[in-house]
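J.: Handing over structure35.pdb, PDB, C-alpha atoms.
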```pdb
ATOM      1  CA  THR A  13      20.271  24.682 139.794
ATOM      2  CA  VAL A  14      23.318  26.241 141.360
ATOM      3  CA  ARG A  15      25.811  27.610 138.855
ATOM      4  CA  GLY A  16      29.428  27.745 139.774
ATOM      5  CA  SER A  17      30.769  27.206 143.188
ATOM      6  CA  GLY A  18      33.735  28.350 145.068
ATOM      7  CA  ARG A  19      34.923  30.192 148.038
ATOM      8  CA  ARG A  20      37.200  33.153 148.409
ATOM      9  CA  LEU A  21      38.081  35.362 151.327
ATOM     10  CA  ALA A  22      36.730  38.885 151.135
ATOM     11  CA  GLY A  23      38.328  41.843 152.835
ATOM     12  CA  VAL A  24      37.931  42.888 156.459
ATOM     13  CA  GLY A  25      34.347  43.102 157.731
ATOM     14  CA  PRO A  26      32.235  42.268 154.649
ATOM     15  CA  ALA A  27      29.032  44.307 155.032
ATOM     16  CA  ALA A  28      27.204  44.169 151.686
ATOM     17  CA  VAL A  29      27.055  42.059 148.541
ATOM     18  CA  LEU A  30      25.645  42.903 145.118
ATOM     19  CA  VAL A  31      25.459  41.134 141.761
ATOM     20  CA  ASN A  32      25.728  43.489 138.770
ATOM     21  CA  SER A  33      27.694  44.093 135.577
ATOM     22  CA  GLY A  34      28.608  40.415 135.344
ATOM     23  CA  SER A  35      30.326  40.461 138.731
ATOM     24  CA  VAL A  36      29.814  39.891 142.430
ATOM     25  CA  TRP A  37      30.685  43.031 144.404
ATOM     26  CA  VAL A  38      31.536  42.953 148.131
ATOM     27  CA  ALA A  39      31.823  46.046 150.343
ATOM     28  CA  ASN A  40      34.212  45.549 153.259
ATOM     29  CA  SER A  41      33.548  47.926 156.149
ATOM     30  CA  GLY A  42      36.728  47.098 158.051
ATOM     31  CA  ASP A  43      39.199  48.036 155.322
ATOM     32  CA  SER A  44      37.073  50.575 153.378
ATOM     33  CA  LYS A  45      37.305  48.658 150.123
ATOM     34  CA  VAL A  46      35.013  47.149 147.513
ATOM     35  CA  GLN A  47      36.078  43.959 145.770
ATOM     36  CA  ARG A  48      34.846  42.650 142.428
ATOM     37  CA  PHE A  49      34.704  38.904 141.793
ATOM     38  CA  ASP A  50      33.972  36.749 138.740
ATOM     39  CA  PRO A  51      30.718  34.910 139.666
ATOM     40  CA  THR A  52      31.677  31.643 137.949
ATOM     41  CA  THR A  53      35.164  31.198 139.353
ATOM     42  CA  PHE A  54      35.177  33.575 142.312
ATOM     43  CA  GLU A  55      38.628  34.658 141.318
ATOM     44  CA  GLU A  56      39.019  38.382 141.606
ATOM     45  CA  GLY A  57      38.031  40.026 138.333
ATOM     46  CA  PRO A  58      39.729  42.911 136.588
ATOM     47  CA  LEU A  59      39.060  45.074 139.631
ATOM     48  CA  SER A  60      40.929  43.576 142.550
ATOM     49  CA  THR A  61      39.956  46.236 145.075
ATOM     50  CA  ILE A  62      38.786  49.817 145.036
ATOM     51  CA  THR A  63      39.052  52.214 147.954
ATOM     52  CA  VAL A  64      35.875  53.993 149.040
ATOM     53  CA  GLY A  65      35.107  56.146 152.087
ATOM     54  CA  ARG A  66      35.406  54.790 155.634
ATOM     55  CA  THR A  67      33.021  52.049 156.725
ATOM     56  CA  PRO A  68      31.072  51.115 153.597
ATOM     57  CA  THR A  69      27.736  49.661 154.700
ATOM     58  CA  ALA A  70      25.473  49.231 151.665
ATOM     59  CA  MET A  71      25.476  49.004 147.867
ATOM     60  CA  ALA A  72      22.975  49.368 145.040
ATOM     61  CA  ALA A  73      23.217  49.305 141.266
ATOM     62  CA  GLY A  74      21.534  51.552 138.751
ATOM     63  CA  ASP A  75      22.014  54.341 136.257
ATOM     64  CA  GLY A  76      25.173  52.637 134.978
ATOM     65  CA  ALA A  77      26.938  52.661 138.335
ATOM     66  CA  ILE A  78      27.490  50.886 141.636
ATOM     67  CA  TRP A  79      26.570  53.171 144.549
ATOM     68  CA  VAL A  80      28.259  52.561 147.935
ATOM     69  CA  THR A  81      27.400  54.282 151.223
ATOM     70  CA  SER A  82      30.292  55.116 153.536
ATOM     71  CA  SER A  83      28.879  55.745 156.989
ATOM     72  CA  GLY A  84      32.245  56.749 158.471
ATOM     73  CA  ASP A  85      32.656  59.677 156.062
ATOM     74  CA  ASP A  86      28.995  60.533 155.302
ATOM     75  CA  LEU A  87      29.565  59.911 151.591
ATOM     76  CA  VAL A  88      28.199  57.910 148.698
ATOM     77  CA  ALA A  89      30.767  56.636 146.216
ATOM     78  CA  ARG A  90      29.796  56.206 142.564
ATOM     79  CA  ILE A  91      31.766  53.353 141.026
ATOM     80  CA  ASP A  92      31.926  53.132 137.243
ATOM     81  CA  PRO A  93      31.994  49.358 136.559
ATOM     82  CA  GLY A  94      33.372  49.910 133.037
ATOM     83  CA  ALA A  95      36.355  51.909 134.286
ATOM     84  CA  ASN A  96      36.721  49.924 137.541
ATOM     85  CA  SER A  97      37.115  53.107 139.546
ATOM     86  CA  VAL A  98      35.327  55.581 141.794
ATOM     87  CA  SER A  99      34.170  58.449 139.624
ATOM     88  CA  THR A 100      32.516  60.613 142.290
ATOM     89  CA  MET A 101      32.246  60.953 146.079
ATOM     90  CA  ILE A 102      28.977  62.666 147.055
ATOM     91  CA  PRO A 103      28.457  64.170 150.555
ATOM     92  CA  VAL A 104      25.151  63.091 152.149
ATOM     93  CA  GLY A 105      23.569  63.226 155.626
ATOM     94  CA  ASP A 106      25.066  61.795 158.806
ATOM     95  CA  GLU A 107      25.655  58.019 158.881
ATOM     96  CA  PRO A 108      24.341  56.797 155.520
ATOM     97  CA  ASP A 109      23.270  53.222 156.145
ATOM     98  CA  ALA A 110      21.299  52.111 153.054
ATOM     99  CA  VAL A 111      21.000  53.003 149.369
ATOM    100  CA  ALA A 112      18.532  52.236 146.562
ATOM    101  CA  VAL A 113      18.193  53.308 142.940
ATOM    102  CA  GLY A 114      14.891  53.929 141.190
ATOM    103  CA  ARG A 115      12.662  56.543 139.595
ATOM    104  CA  GLY A 116      15.748  58.199 138.082
ATOM    105  CA  THR A 117      17.184  58.863 141.533
ATOM    106  CA  VAL A 118      19.663  57.451 144.031
ATOM    107  CA  TRP A 119      18.037  57.346 147.483
ATOM    108  CA  VAL A 120      20.170  57.234 150.642
ATOM    109  CA  ALA A 121      18.914  56.510 154.177
ATOM    110  CA  ASN A 122      20.928  58.624 156.636
ATOM    111  CA  ALA A 123      20.445  56.965 160.033
ATOM    112  CA  GLY A 124      22.296  59.622 162.047
ATOM    113  CA  ALA A 125      20.513  62.548 160.402
ATOM    114  CA  ALA A 126      17.037  60.945 160.267
ATOM    115  CA  THR A 127      16.803  61.957 156.608
ATOM    116  CA  ILE A 128      16.708  60.562 153.099
ATOM    117  CA  SER A 129      19.119  62.136 150.614
ATOM    118  CA  ARG A 130      17.810  62.305 147.066
ATOM    119  CA  ILE A 131      20.740  62.259 144.622
ATOM    120  CA  ASP A 132      20.403  63.249 140.977
ATOM    121  CA  PRO A 133      22.754  60.734 139.310
ATOM    122  CA  LYS A 134      23.308  62.990 136.277
ATOM    123  CA  LYS A 135      24.418  65.929 138.444
ATOM    124  CA  ALA A 136      26.120  63.651 141.017
ATOM    125  CA  LYS A 137      24.832  65.732 143.911
ATOM    126  CA  VAL A 138      22.127  65.795 146.556
ATOM    127  CA  VAL A 139      19.101  67.712 145.289
ATOM    128  CA  GLU A 140      16.824  67.194 148.301
ATOM    129  CA  GLU A 141      16.991  66.173 151.970
ATOM    130  CA  ILE A 142      13.775  64.590 153.240
ATOM    131  CA  PRO A 143      13.205  64.332 157.023
ATOM    132  CA  VAL A 144      11.713  60.938 157.986
ATOM    133  CA  GLY A 145      11.702  60.891 161.765
ATOM    134  CA  SER A 146      14.074  58.574 163.527
ATOM    135  CA  ALA A 147      16.998  56.565 162.120
ATOM    136  CA  PRO A 148      16.126  55.238 158.656
ATOM    137  CA  ARG A 149      17.993  51.929 158.232
ATOM    138  CA  GLY A 150      16.514  50.353 155.109
ATOM    139  CA  ILE A 151      15.380  51.705 151.761
ATOM    140  CA  ALA A 152      13.980  50.191 148.568
ATOM    141  CA  VAL A 153      12.222  51.279 145.399
ATOM    142  CA  VAL A 154       9.479  48.856 144.339
ATOM    143  CA  ASP A 155       7.097  49.475 141.431
ATOM    144  CA  GLY A 156       8.065  53.144 141.433
ATOM    145  CA  GLU A 157       7.362  53.633 145.144
ATOM    146  CA  LEU A 158       9.964  54.439 147.789
ATOM    147  CA  HIS A 159       9.846  52.309 150.961
ATOM    148  CA  VAL A 160      11.845  53.262 154.073
ATOM    149  CA  THR A 161      12.253  51.527 157.430
ATOM    150  CA  THR A 162      12.882  53.634 160.531
ATOM    151  CA  GLN A 163      13.539  52.794 164.161
ATOM    152  CA  ALA A 164      10.819  53.581 166.659
ATOM    153  CA  PRO A 165      11.544  56.800 168.590
TER
END
```
Produce C-alpha cells that represent the structure in this file.
T.:
Amino acid sequence: TVRGSGRRLAGVGPAAVLVNSGSVWVANSGDSKVQRFDPTTFEEGPLSTITVGRTPTAMAAGDGAIWVTSSGDDLVARIDPGANSVSTMIPVGDEPDAVAVGRGTVWVANAGAATISRIDPKKAKVVEEIPVGSAPRGIAVVDGELHVTTQAP
C-alpha cells in the first residue's frame, strides 16, 4: 500500500533523502540547503529550508538529530528537528561523502582524506580519525558493526 502521494520541487541538486521525525528531509547540494516536507501532503513543513555547509551530500538520523555532511566545507551539520535549526557545525576530514549513526557514535566517511571520522554526539566533536585506505564513499552500521566501502587504489 502506498500512503499519500504528491510531488513537489526540491531545491537545486537534490543529493540525499531521509525519513525521520515525521518528515521527509532532502539535502540539496546545489544551494546548500536542507528542506523538510510533510510526508502525507508533501507541502513544506514547519521548516521550509535550513542552510548547511556547501555541497551537502549525505544525511543520517540518530541520537535525536539529523546529521548532514557538507563536502564543500569539510563539515557535518547537526540539525535539531525539534528546533528546526542547525545546532552545531563539526569540522571533519577532507570531502565528507557519507554518514551513519550507530553504537553511540556518528561515523563520517571522508573520501578526500581516506579516513573515517568518529564523532561523539554528546561532545559534538571528532574523537578519532581512522585511516581506511583509499576514498571511503559509503558507510553503514548494521547489527553493531561498521561497514565501509572504499574505492580500489
J.: Might you pull out every residue within 9 Å of Arg115 (chain A), with only C-alpha atoms counted and same-chain residues fewer than 5 positions away left off, and present them as a ChimeraX atom specification?
T.: /A:153,156-158
J.: For the provided coordinates, the residues matched by the PyMOL selection byres ((chain A and resi 74) around 9) should be stated as a PyMOL selection string.
T.: chain A and resi 72-73+75-79+112-114+116-118
J.: CA of Val104 (chain A) and CA of Phe49 (chain A), how far apart in Å?
T.: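 Atom-to-atom, CA of Phe49 (chain A) and CA of Val104 (chain A) are spaced 28.0 Å apart.
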J.: Would you write out, as a PyMOL selection string, every residue that the PyMOL selection byres ((chain A and resi 164) around 9) captures in this file?
T.: chain A and resi 145-147+162-163+165
J.: Find the residues near region 81-86 of chain A: any atom within 9 Å, counting all atoms listed in the file, skip ones fewer than 6 places away on the same chain, and give them as a list of chain:residue names.
T.: A:Ser41, A:Ser44, A:Val64, A:Gly65, A:Arg66, A:Thr67, A:Pro68, A:Thr69, A:Ala70, A:Met71, A:Ile102, A:Pro103, A:Val104, A:Gly105, A:Asp106, A:Glu107, A:Pro108, A:Asp109, A:Ala110, A:Val111, A:Val120, A:Asn122
J.: In Å, rounded to a single decimal, give me how far CA of Ala28 (chain A) is from CA of Ile151 (chain A).
T.: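 Between CA of Ile151 (chain A) and CA of Ala28 (chain A) the gap is 14.0 Å.
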J.: Could you please determine the separation between CA of Ser129 (chain A) and CA of Val160 (chain A) in Å, to one decimal place?
T.: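 For CA of Ser129 (chain A) relative to CA of Val160 (chain A), the distance reads 12.0 Å.
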J.: With the PyMOL selection byres ((chain A and resi 22) around 9) as the selection, what would be picked from this file? Answer as a PyMOL selection string, please.
T.: chain A and resi 20-21+23-26+38-40+47
J.: Could you tell me which of A:Ile128, A:Val144, A:Val138, A:Ile62 comes closest to Pro93 (chain A) if we count all atoms listed in the file?
T.: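 Result for the nearest residue to Pro93 (chain A): A:Ile62.
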J.: Hey, which of A:Ala27, A:Ile142, A:Ala152, A:Val46 ends up closest to Arg130 (chain A)? Count all atoms listed in the file.
T.: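 Smallest separation from Arg130 (chain A) among the options: A:Ile142.
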J.: Is it possible to add all heavy atoms to region 99-110 of chain A and hand it back as a short mmCIF file (atom, residue, chain, number, x, y, z; two decimals), keeping the file's coordinate frame?
T.:
```cif
data_model
loop_
_atom_site.label_atom_id
_atom_site.label_comp_id
_atom_site.auth_asym_id
_atom_site.auth_seq_id
_atom_site.Cartn_x
_atom_site.Cartn_y
_atom_site.Cartn_z
N SER A 99 34.20 57.24 140.45
CA SER A 99 34.17 58.45 139.62
C SER A 99 33.74 59.68 140.41
O SER A 99 34.07 60.79 140.03
CB SER A 99 33.25 58.24 138.42
OG SER A 99 31.93 58.01 138.83
N THR A 100 33.01 59.48 141.51
CA THR A 100 32.52 60.61 142.29
C THR A 100 32.32 60.20 143.74
O THR A 100 31.92 59.07 144.02
CB THR A 100 31.14 61.08 141.75
OG1 THR A 100 31.22 61.25 140.35
CG2 THR A 100 30.70 62.38 142.39
N MET A 101 32.58 61.11 144.67
CA MET A 101 32.25 60.95 146.08
C MET A 101 31.27 62.08 146.41
O MET A 101 31.59 63.25 146.26
CB MET A 101 33.48 61.05 146.96
CG MET A 101 34.51 59.97 146.69
SD MET A 101 33.99 58.34 147.19
CE MET A 101 34.64 58.28 148.84
N ILE A 102 30.05 61.69 146.84
CA ILE A 102 28.98 62.67 147.06
C ILE A 102 28.68 62.78 148.55
O ILE A 102 28.31 61.79 149.18
CB ILE A 102 27.71 62.22 146.30
CG1 ILE A 102 28.03 62.06 144.81
CG2 ILE A 102 26.57 63.22 146.54
CD1 ILE A 102 26.96 61.31 144.04
N PRO A 103 28.82 63.98 149.14
CA PRO A 103 28.46 64.17 150.56
C PRO A 103 26.95 64.02 150.74
O PRO A 103 26.16 64.54 149.95
CB PRO A 103 28.89 65.60 150.86
CG PRO A 103 29.76 66.02 149.72
CD PRO A 103 29.37 65.19 148.55
N VAL A 104 26.56 63.29 151.81
CA VAL A 104 25.15 63.09 152.15
C VAL A 104 24.99 63.35 153.65
O VAL A 104 25.91 63.81 154.30
CB VAL A 104 24.66 61.67 151.77
CG1 VAL A 104 24.64 61.49 150.26
CG2 VAL A 104 25.49 60.59 152.44
N GLY A 105 23.82 63.02 154.20
CA GLY A 105 23.57 63.23 155.63
C GLY A 105 24.41 62.32 156.51
O GLY A 105 25.13 61.44 156.04
N ASP A 106 24.30 62.52 157.80
CA ASP A 106 25.07 61.80 158.81
C ASP A 106 24.72 60.30 158.82
O ASP A 106 23.56 59.93 158.87
CB ASP A 106 24.79 62.42 160.17
CG ASP A 106 25.64 61.84 161.27
OD1 ASP A 106 26.82 61.51 161.01
OD2 ASP A 106 25.14 61.71 162.40
N GLU A 107 25.75 59.47 158.75
CA GLU A 107 25.66 58.02 158.88
C GLU A 107 24.75 57.35 157.83
O GLU A 107 23.77 56.71 158.15
CB GLU A 107 25.18 57.65 160.29
CG GLU A 107 25.44 56.22 160.67
CD GLU A 107 24.89 55.91 162.05
OE1 GLU A 107 24.77 56.81 162.90
OE2 GLU A 107 24.58 54.74 162.27
N PRO A 108 25.12 57.49 156.55
CA PRO A 108 24.34 56.80 155.52
C PRO A 108 24.45 55.29 155.70
O PRO A 108 25.54 54.75 155.83
CB PRO A 108 24.98 57.26 154.21
CG PRO A 108 26.37 57.64 154.58
CD PRO A 108 26.28 58.16 155.99
N ASP A 109 23.30 54.64 155.77
CA ASP A 109 23.27 53.22 156.15
C ASP A 109 22.66 52.32 155.08
O ASP A 109 22.78 51.11 155.16
CB ASP A 109 22.49 53.09 157.46
CG ASP A 109 22.86 51.84 158.23
OD1 ASP A 109 24.05 51.46 158.21
OD2 ASP A 109 21.96 51.25 158.84
N ALA A 110 21.94 52.90 154.10
CA ALA A 110 21.30 52.11 153.05
C ALA A 110 21.17 52.97 151.81
O ALA A 110 21.12 54.20 151.88
CB ALA A 110 19.93 51.62 153.52
#
```
